[in-house]
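Following: one structure in C-alpha cells, then a few remarks.
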Amino acid sequence: MGYPHKSHGKETVVLSQYFGDPEARSHAGWVKRGGYKALENALSMEPAEIIDVVKASGLRGRGGAGFPAGLKWSFMPKEKKKPHYLCCNADESEPGTFKDREIMRWTPHALIEGCAIAQYAIQAEITYIYIRGEFTEPLRIMQAAIDEAYDQGVLGPNAMGSGKRLDMYIHRGAGAYICGEETALMNSIEGRRGNPRIRPPFPAASGVFGNPTTINNVETLTAVSHILNRGAGWYKDLSLSNPKSTGTKLLSVCGHVQKPGNYEVTMGFPLGELLHDLAGGMRPGRMLKACAPGGSSVPLLNKEETEECLLDYEGCVEKGTMLGSGGVIVYDDSADMVYQAMRLAKFYAHESCAQCTQCREGTAWTVRILERILAGEGTVKDLDLLLDLSREMTGRTICVLSDSCAAVVVSSIEKFHDEFEAYINGKKAPAIAKV
Amino acid sequence: MQHTTEYTPVFTGEHRKRLDEILQRYPTKRAALLPAIWIVQETNGWVSDEAMAEVAEVLALTPAYVKGVVTFYTMYHQHPVGKTFVQICTTTPCNLCGAEDVVAAFLQHAGCEELGATSPDGKFTVIEVECLGACGFATPVMMNDDFIEDVTAEKVPDLVKQYS
C-alpha cells in the first residue's frame, strides 16, 4: 500500500520520479539528480521571459481551479511600487487528495526550486509556504531543506551567486480546511481567522498584507523547473486528449481500490484505466459504484460515467464533474451513498468558516435532513427540500465551500435516487438512531 | 479556561528569542500570532486565557482578538488534554475504509468514555478529525506529533500500549 511503490508502466513519471528515494531529500542528492539547474538558468533570464515559457507550456493550476499559471503570474504589476509576495499553498486538505504531502516528503528541494523560480519571475521578495498544521513530517522535512538551501546559498542575499535576494519561510497552519482557499490562507498568514475575502480586489492587486501576491499550489510550482529544463514544447506535448490540458497530473487514488496511492499520468488519461490497471481495481467480489475524480468537492460520477471519463480539465467537465485537485475517491457496491453524502456534508458543516448564512446554515441543515432520512424519519419532500436548499447554497457565497457541499448532495440524489427512497419508504432499515 | 496554579509567562529567554526571530519574517506583528500560539501550546500543552493575554501583550493585540483566532483553528487546545492526544481521520475515504471501527477501538482500549474526554488515568484524549490528507493510507491517526498510517482496529491495542 502507498509509497514507496514501483511506478506502473502506464505512468508518465516526472514529478514523482524520486518518490521513495531518500537521497533526493538532501541538497547534495537533489543537485546530483539535476536539481537547481533550472533555478540557475532562470536567474539569468528576464522575469518576463520565464513567464512566457510557463504560459507557452500550458501549465494550469493543480490545486483545483485549473487557472493558467503563466497568465496568473502576468497579472502581477510590471512596475514594482510595493513589495510582492509568493504564497505556496501546501494546505492540502481536500478529502481524497494526498499528493502535495508526497512531493514535500520526498522532494522538498523540487518545491523550493519551483518556488524560487516563481518568486523571481513575479519579482517577490518573500515566499511563504503555508503548510497545514497536521503535516508534521512534511513540515520537518521542508524546514530542514529550506535551512540547507540557505546554508548552500540557494536562498538568501546572493541566491545561487546571482546577486539577487530570495527569502522563503514556512507558515504553519493550525487546523482549518478553509485555509486552503487562497484569500483565507492569506488572512491566516496575517494572523487572522481564516475567513475568505470578497474579490475584487484579486491577490495580484491586493493579496497578503495588502500587497501584490501570487498564490500557487505545490504541484503547480514543482512542475515549473521541469518546464524550464525540458522546454515548454515538451510539456505542451504531454496531452492525450484536449490540447488545453497539458503536462502530467498526480492523481491520489483512495477509497475502495486494491492499491491506493499516487499515480502520475499524462493529462487526458482514462479514469477507468487508472482505477482498474494502475490502482489494482476493486476488491474481490466487489463492483465499482461511484467515483469523485477531483476530491470530495466535485459532483460524483456513476459507474458508466467513471468508465468513460478522461482525466483532464475538459474531460471531467464533459461528464458533469471537475478534475479539481486530482483526489480520486472510489466507492464500490458496498458503499451506502446516503450515509456517505451525510458524512461528507458533515465535513463541510464542520469546516464552514460561518461567514455566509447560506453556508453556515445550509451545510448544518443538510446534515440534519440527511440524518433524518438515515434514521428512517424522512419523507419524499425531504429530497425536494435538499435540492432546494442546495440551489440556494450555490453561487451565493464568498467562496465555494457551500457550493461543494451542494454538488455532492445533488449528484448523490440524482445518481443514487433509489438508495434515498429505500430509506424513505422503509425498504431499508435505518442506518442510525433517531436524532 | 484558566490555570489552577499561578501562570508562568512563556515568552522569556529562549522562547522570546524564537519569537523575535519569527517576527523578522513578517511586515506586521500580528502575523506572528499563529506561530506564537504554537509556541505556547508546545510549552504548556494547551492555550489558557492567561496565555492568550500574554500573547496579546507581546504582539500588541487584544486578548479578545487572540481568543477569536485561537477558537477558529481546531488544533489549538483550549483546555488541558491527555498525555497522548489522538486524532483519528474519519472523513469519507477513511470512513469507506473502516475509520469508525478504529475510533471505537481507540475509545475502548484507551479507556476514554467518549470522544473529546480524557481517560481517567490522564494518558489519552481521543477525537475524530476531518481529513488528515493521507487518504491513500487509511486510516491515518495522529498521536501527538507522530503521524501513523494504515491504522486498522486490530492495530489499536498495540498502539495504545506503545504510548501508555
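Ligands are numbered from 1 in the order shown, residues from 1 within each chain, and chains are lettered A, B, ... in the order they appear in the C-alpha cells.
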Exercise for the section: Would you give me, as a PyMOL selection string, the residues of chain B that come within 10 Å of chain A, using only C-alpha atoms? Expected result: chain B and resi 22+25-38+65-66+68-76+87+90-97+129-138+142+144-147+149-150
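Residue nearest Gly9 of chain A, chosen from A:Leu155, A:Ile103, A:Val208, A:Leu278 and counting only C-alpha atoms: A:Leu278.
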- Message: Going by DSSP on the backbone, which residues of segment 8-155 of chain B come out as helix (DSSP H, G or I)? List them as a ChimeraX atom specification.
- Response: /B:13-23,30-44,49-58,63-72,92-96,99-110,135-137,153-155
Give me the residues within 9 Å of Gln78 of chain B as a PDB file with C-alpha atoms, in the first residue's frame, counting only C-alpha atoms and dropping any in the same chain fewer than 6 places off.
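The result, written out as out_30.pdb:
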```pdb
ATOM      1  CA  MET B   1     -10.223  28.157  30.702  1.00  0.00           C
ATOM      2  CA  TRP B  46      -2.696  23.933  25.867  1.00  0.00           C
ATOM      3  CA  VAL B  47      -3.644  27.589  25.444  1.00  0.00           C
ATOM      4  CA  SER B  48      -5.178  29.161  28.539  1.00  0.00           C
ATOM      5  CA  ASP B  49      -6.870  32.525  28.943  1.00  0.00           C
ATOM      6  CA  VAL B  70      -7.469  30.519  18.910  1.00  0.00           C
ATOM      7  CA  THR B  71     -11.087  29.389  18.723  1.00  0.00           C
TER       8      THR B  71
END
```
Which residues are near Ile198 of chain A? Cut-off 9 Å, only C-alpha atoms, ignore same chain within fewer than 2 positions. Put them as a PyMOL selection string. chain A and resi 183+196+200-202+398-399
